[in-house]
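**Student:** You'll find target36.csv just under this line, and it carries CSV, C-alpha atoms and all ligand atoms.
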chain,number,residue,atom,x,y,z
A,146,MET,CA,13.2,-23.1,-30.2
A,147,GLU,CA,10.2,-20.8,-29.8
A,148,ILE,CA,10.9,-17.0,-29.7
A,149,LYS,CA,9.2,-15.4,-26.8
A,150,ASN,CA,8.4,-11.7,-26.6
A,151,GLU,CA,9.5,-11.7,-23.0
A,152,GLU,CA,12.5,-9.7,-21.7
A,153,VAL,CA,15.0,-10.8,-19.1
A,154,THR,CA,16.9,-8.0,-17.2
A,155,PHE,CA,20.3,-8.0,-15.5
A,156,GLU,CA,18.6,-7.8,-12.1
A,157,GLU,CA,16.4,-10.8,-12.8
A,158,VAL,CA,19.3,-13.1,-13.3
A,159,GLY,CA,21.4,-11.5,-10.5
A,160,VAL,CA,24.0,-9.7,-12.6
A,161,ALA,CA,23.2,-6.1,-11.8
A,162,ASN,CA,26.4,-4.0,-12.0
A,163,ARG,CA,28.4,-6.9,-13.5
A,164,PRO,CA,30.2,-6.5,-16.8
A,165,ILE,CA,29.1,-9.1,-19.4
A,166,ILE,CA,32.2,-10.3,-21.1
A,167,SER,CA,33.0,-12.6,-24.1
A,168,LYS,CA,36.0,-13.1,-26.3
A,169,THR,CA,36.1,-14.6,-29.8
A,170,ASP,CA,38.7,-15.6,-32.4
A,171,LEU,CA,39.1,-13.6,-35.6
A,172,LYS,CA,36.1,-15.3,-37.1
A,173,GLY,CA,33.7,-14.7,-34.2
A,174,ILE,CA,33.9,-18.2,-32.6
A,175,ILE,CA,33.5,-17.8,-28.8
A,176,THR,CA,36.7,-18.5,-26.9
A,177,TYR,CA,35.7,-17.1,-23.5
A,178,VAL,CA,32.6,-16.1,-21.5
A,179,ASN,CA,32.3,-14.9,-17.9
A,180,THR,CA,29.7,-16.3,-15.5
A,181,PRO,CA,27.4,-13.2,-15.8
A,182,PHE,CA,27.4,-13.7,-19.6
A,183,CYS,CA,26.2,-17.2,-19.1
A,184,LYS,CA,23.5,-16.2,-16.6
A,185,LEU,CA,22.1,-13.5,-18.9
A,186,ALA,CA,22.2,-15.7,-22.1
A,187,GLY,CA,20.9,-18.7,-20.2
A,188,TYR,CA,23.6,-21.1,-21.5
A,189,THR,CA,26.4,-22.9,-19.7
A,190,LYS,CA,30.1,-22.1,-20.5
A,191,GLU,CA,30.4,-25.5,-22.2
A,192,GLU,CA,27.5,-24.7,-24.5
A,193,LEU,CA,29.0,-21.5,-25.6
A,194,ILE,CA,32.8,-22.0,-26.0
A,195,GLY,CA,33.6,-23.1,-29.6
A,196,LYS,CA,30.3,-21.8,-31.0
A,197,PRO,CA,29.8,-18.9,-33.4
A,198,HIS,CA,28.8,-15.7,-31.5
A,199,ASN,CA,25.6,-15.6,-33.6
A,200,ILE,CA,24.3,-18.4,-31.3
A,201,ILE,CA,22.6,-15.5,-29.4
A,202,ARG,CA,21.6,-13.4,-32.5
A,203,HIS,CA,18.0,-12.3,-32.2
A,204,PRO,CA,15.8,-12.3,-35.4
A,205,ASP,CA,14.7,-8.7,-34.6
A,206,MET,CA,18.3,-7.5,-35.2
A,207,PRO,CA,19.0,-6.0,-38.6
A,208,LYS,CA,21.8,-7.5,-40.7
A,209,GLU,CA,23.2,-4.0,-41.2
A,210,VAL,CA,24.1,-3.6,-37.5
A,211,PHE,CA,26.4,-6.6,-37.6
A,212,LYS,CA,27.8,-5.6,-41.0
A,213,GLN,CA,28.9,-2.3,-39.5
A,214,LEU,CA,30.2,-4.1,-36.4
A,215,TRP,CA,32.5,-6.3,-38.4
A,216,GLU,CA,33.6,-3.5,-40.7
A,217,THR,CA,34.6,-1.5,-37.7
A,218,ILE,CA,36.5,-4.1,-35.7
A,219,GLU,CA,38.2,-5.5,-38.8
A,220,LYS,CA,39.7,-2.0,-39.2
A,221,ASN,CA,41.0,-2.3,-35.6
A,222,GLN,CA,38.6,0.3,-34.3
A,223,GLN,CA,36.3,0.0,-31.3
A,224,TRP,CA,32.6,-0.6,-32.0
A,225,ARG,CA,29.9,0.5,-29.6
A,226,GLY,CA,26.2,-0.3,-30.1
A,227,PHE,CA,22.9,-1.6,-28.8
A,228,ILE,CA,22.1,-5.3,-29.3
A,229,LYS,CA,18.9,-7.3,-28.5
A,230,ASN,CA,20.1,-10.8,-27.9
A,231,LEU,CA,18.3,-14.1,-27.8
A,232,ARG,CA,18.5,-16.3,-24.7
A,233,LYS,CA,18.5,-20.1,-24.9
A,234,ASP,CA,14.9,-20.1,-23.5
A,235,GLY,CA,13.7,-17.9,-26.4
A,236,LYS,CA,13.4,-14.7,-24.2
A,237,TYR,CA,15.5,-11.6,-25.0
A,238,TYR,CA,17.8,-9.1,-23.3
A,239,TRP,CA,19.2,-5.8,-24.3
A,240,VAL,CA,22.9,-4.9,-23.9
A,241,GLU,CA,25.0,-1.9,-24.8
A,242,THR,CA,28.1,-3.6,-26.3
A,243,PHE,CA,31.7,-2.5,-26.7
A,244,ILE,CA,34.0,-4.6,-28.9
A,245,GLU,CA,37.6,-4.2,-29.7
A,246,PRO,CA,40.5,-6.3,-31.1
A,247,ILE,CA,43.0,-8.3,-28.9
A,248,PHE,CA,46.7,-8.3,-29.9
A,249,ASP,CA,49.4,-10.7,-28.8
A,250,GLU,CA,52.9,-9.7,-27.7
A,251,ASN,CA,54.0,-9.4,-31.3
A,252,ASN,CA,51.2,-7.0,-32.1
A,253,LYS,CA,49.4,-9.7,-34.1
A,254,LYS,CA,45.6,-9.5,-33.9
A,255,ILE,CA,44.4,-12.7,-32.3
A,256,GLY,CA,40.7,-12.1,-31.6
A,257,TYR,CA,38.1,-9.7,-30.1
A,258,ILE,CA,36.8,-8.9,-26.7
A,259,SER,CA,33.4,-7.5,-25.9
A,260,VAL,CA,32.0,-5.9,-22.7
A,261,ARG,CA,28.4,-5.2,-22.2
A,262,LYS,CA,26.2,-3.2,-19.8
A,263,PRO,CA,22.5,-2.6,-19.3
A,264,VAL,CA,20.4,-0.4,-21.6
A,265,SER,CA,18.0,2.3,-20.3
A,266,GLU,CA,14.3,1.9,-21.0
A,267,GLU,CA,14.5,4.9,-23.2
A,268,ASP,CA,17.2,3.5,-25.4
A,269,LYS,CA,15.4,0.1,-25.6
A,270,GLN,CA,12.4,1.9,-27.0
A,271,LYS,CA,14.5,4.0,-29.3
A,272,TYR,CA,16.5,1.1,-30.8
A,273,SER,CA,13.5,-1.2,-31.0
A,274,LYS,CA,11.9,1.3,-33.4
A,275,ILE,CA,15.1,2.0,-35.3
A,276,TYR,CA,15.8,-1.7,-35.8
A,277,GLU,CA,12.2,-2.4,-36.8
A,278,GLU,CA,12.5,0.2,-39.5
A,279,MET,CA,15.9,-1.1,-40.6
A,280,ARG,CA,14.5,-4.6,-40.9
A,281,LYS,CA,11.7,-3.5,-43.0
A,282,GLU,CA,14.2,-1.9,-45.4
A,283,GLU,CA,16.1,-5.3,-45.5
A,284,GLN,CA,13.0,-7.3,-46.5
B,1,LIG,C1,33.5,-10.1,-29.6
B,1,LIG,C2,32.2,-10.2,-30.4
B,1,LIG,C3,31.0,-10.1,-29.7
B,1,LIG,C4,29.8,-10.3,-30.3
B,1,LIG,N1,28.7,-10.2,-29.6
B,1,LIG,C5,27.5,-10.4,-30.2
B,1,LIG,C6,26.3,-10.4,-29.5
B,1,LIG,O1,26.2,-10.2,-28.3
B,1,LIG,N2,25.1,-10.7,-30.1
B,1,LIG,C7,25.1,-10.9,-31.5
B,1,LIG,O2,24.0,-11.1,-32.0
B,1,LIG,N3,26.2,-10.9,-32.2
B,1,LIG,C8,27.4,-10.6,-31.6
B,1,LIG,N4,28.6,-10.6,-32.4
B,1,LIG,C9,28.4,-10.6,-33.9
B,1,LIG,C10,28.3,-12.1,-34.4
B,1,LIG,O3,29.6,-12.5,-34.6
B,1,LIG,C11,27.5,-12.1,-35.7
B,1,LIG,O4,28.1,-11.3,-36.7
B,1,LIG,C12,26.0,-11.7,-35.5
B,1,LIG,O5,25.4,-12.4,-34.5
B,1,LIG,C13,25.2,-11.8,-36.8
B,1,LIG,O6,25.3,-13.1,-37.3
B,1,LIG,P1,25.7,-13.4,-38.7
B,1,LIG,O7,27.0,-12.7,-38.9
B,1,LIG,O8,25.8,-14.9,-38.8
B,1,LIG,O9,24.7,-12.8,-39.6
B,1,LIG,C14,29.8,-10.4,-31.7
B,1,LIG,C15,31.0,-10.5,-32.5
B,1,LIG,C16,32.2,-10.4,-31.8
B,1,LIG,C17,33.5,-10.4,-32.6
With the file now loaded, output its structure as C-alpha cells.

**Tutor:**
Amino acid sequence: MEIKNEEVTFEEVGVANRPIISKTDLKGIITYVNTPFCKLAGYTKEELIGKPHNIIRHPDMPKEVFKQLWETIEKNQQWRGFIKNLRKDGKYYWVETFIEPIFDENNKKIGYISVRKPVSEEDKQKYSKIYEEMRKEEQ
C-alpha cells in the first residue's frame, strides 16, 4: 500500500465529538472496535478484529513511543500520548490516545482498552517535529 502524505480529520469522516475506541487482548490483538474507529481508520470491523493493533502503525512513528506505551500499560498504569496512525487508504490521522488495562471479576488482567480524541493543529505540529527527531535518533 502506498503511503500518502494526506491527512484525514474526524470531521471529514463524520466522527466529530465521537470517542474512538478499541480493545485488545494482552498481546495487542484487536478484540473490539467501535464504528467511529472503523470510519477513521478506513477499515471494516471484520478487517480489524483478530489483527495486531500495529495494523494502523504509521512509519513516521518512533519505536520508542510504543516501547514506552507497552512498558506503562504492562505496569497497570494508564498511558496517554499522541499517535499518527495509518489508514487503509495510505492517508494518516492524528489521535490523542488513552490506554489502560481491563480486569475481570477476579481482578485478573484480560486486556487493554483505548479511547482517542482529536489533536489540535498546534500539537500535530509539535509532535510531528518531536517524532521526526526521535526517528532520526533511531536510524
Ligand atoms: C489498546 C491498545 C491500543 C493501541 N492503539 C494503537 C494505535 O492506535 N496505533 C498504533 O500504531 N499502535 C497502537 N497500539 C500499539 C500497538 O500494539 C503496537 O505496539 C504499535 O503499533 C507498534 O508496533 P510494533 O509493536 O509491532 O512495533 C495499541 C496498543 C494497545 C494495547

**Student:** Please check which protein, DNA or RNA residues sit within 7 Å of ligand LIG 1 (chain B), counting all atoms listed in the file, and write them as a PyMOL selection string.

**Tutor:** chain A and resi 167-169+173+197-203+208+211+215+228+230+244+257-259

**Student:** Could you write those residues out with C-alpha atoms, as an mmCIF file, keeping the file's coordinate frame?

**Tutor:**
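Result written to out-v4.cif:
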data_model
loop_
_atom_site.group_PDB
_atom_site.id
_atom_site.type_symbol
_atom_site.label_atom_id
_atom_site.label_comp_id
_atom_site.auth_asym_id
_atom_site.auth_seq_id
_atom_site.Cartn_x
_atom_site.Cartn_y
_atom_site.Cartn_z
ATOM 1 C CA SER A 167 33.000 -12.600 -24.100
ATOM 2 C CA LYS A 168 36.000 -13.100 -26.300
ATOM 3 C CA THR A 169 36.100 -14.600 -29.800
ATOM 4 C CA GLY A 173 33.700 -14.700 -34.200
ATOM 5 C CA PRO A 197 29.800 -18.900 -33.400
ATOM 6 C CA HIS A 198 28.800 -15.700 -31.500
ATOM 7 C CA ASN A 199 25.600 -15.600 -33.600
ATOM 8 C CA ILE A 200 24.300 -18.400 -31.300
ATOM 9 C CA ILE A 201 22.600 -15.500 -29.400
ATOM 10 C CA ARG A 202 21.600 -13.400 -32.500
ATOM 11 C CA HIS A 203 18.000 -12.300 -32.200
ATOM 12 C CA LYS A 208 21.800 -7.500 -40.700
ATOM 13 C CA PHE A 211 26.400 -6.600 -37.600
ATOM 14 C CA TRP A 215 32.500 -6.300 -38.400
ATOM 15 C CA ILE A 228 22.100 -5.300 -29.300
ATOM 16 C CA ASN A 230 20.100 -10.800 -27.900
ATOM 17 C CA ILE A 244 34.000 -4.600 -28.900
ATOM 18 C CA TYR A 257 38.100 -9.700 -30.100
ATOM 19 C CA ILE A 258 36.800 -8.900 -26.700
ATOM 20 C CA SER A 259 33.400 -7.500 -25.900
#

**Student:** Give the answer as one residue: which of A:Asn179, A:Glu157, A:Asn221, A:Leu185 has the shortest atom-to-atom distance to Lys253 of chain A, using only C-alpha atoms?

**Tutor:**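 Closest to Lys253 of chain A of all the choices is A:Asn221.
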
**Student:** For a cutoff of 7 Å around the file-coordinate point (13.7, -14.8, -32.6), which residues qualify once you count only C-alpha atoms? I'd like the result as a list in words.

**Tutor:**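 Those residues, ordered by chain and then number, are Ile148, His203, Pro204, Asp205, Leu231 and Gly235 of chain A.
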
**Student:** Generate a file of the selected residues that holds C-alpha atoms, formatted as an mmCIF file, in the coordinates of the input.

**Tutor:**
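Result file is out_13.cif:
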data_model
loop_
_atom_site.group_PDB
_atom_site.id
_atom_site.type_symbol
_atom_site.label_atom_id
_atom_site.label_comp_id
_atom_site.auth_asym_id
_atom_site.auth_seq_id
_atom_site.Cartn_x
_atom_site.Cartn_y
_atom_site.Cartn_z
ATOM 1 C CA ILE A 148 10.900 -17.000 -29.700
ATOM 2 C CA HIS A 203 18.000 -12.300 -32.200
ATOM 3 C CA PRO A 204 15.800 -12.300 -35.400
ATOM 4 C CA ASP A 205 14.700 -8.700 -34.600
ATOM 5 C CA LEU A 231 18.300 -14.100 -27.800
ATOM 6 C CA GLY A 235 13.700 -17.900 -26.400
#

**Student:** Can you pull out every residue within 7 Å of Lys229 of chain A, counting only C-alpha atoms, but drop anything in the same chain fewer than 5 positions away, and send it as a VMD selection string?

**Tutor:** chain A and resid 203 206 237 to 240

**Student:** Taking all atoms listed in the file into account, name the residue in A:Pro207, A:Pro263, A:Asn252, A:Glu151 that is nearest to Ile275 of chain A.

**Tutor:** A:Pro207

**Student:** Kindly indicate which residue among A:Glu241, A:Pro246, A:Phe227, A:Lys220 lies nearest to Ser273 of chain A, using all atoms listed in the file for the distances.

**Tutor:**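 Ranked by minimum distance to Ser273 of chain A, first place goes to A:Phe227.
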
**Student:** Which one is closest to Thr242 of chain A: A:Leu193, A:Ile166, A:Leu171, A:Ile218? Count all atoms listed in the file.

**Tutor:**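 Using all atoms listed in the file, the shortest distance to Thr242 of chain A belongs to A:Ile166.
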
**Student:** When distances are computed from only C-alpha atoms, which of A:Glu266, A:Glu147, A:Glu152, A:Glu219 shows the smallest separation from Lys172 of chain A?

**Tutor:**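 Distance minimum relative to Lys172 of chain A lands on A:Glu219.
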
**Student:** I'd like the interatomic distance between atom CA of Asp249 of chain A and atom CA of Gln222 of chain A, to a tenth of an Å.

**Tutor:**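 Rounded to one decimal, the two atoms are 16.4 Å apart.
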
**Student:** Select, from A:Val210, A:Phe182, A:Val260, A:Pro164, the residue with the minimum atom-to-atom distance to Arg280 of chain A, counting all atoms listed in the file.

**Tutor:**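 So, comparing all the options, the nearest one is A:Val210.
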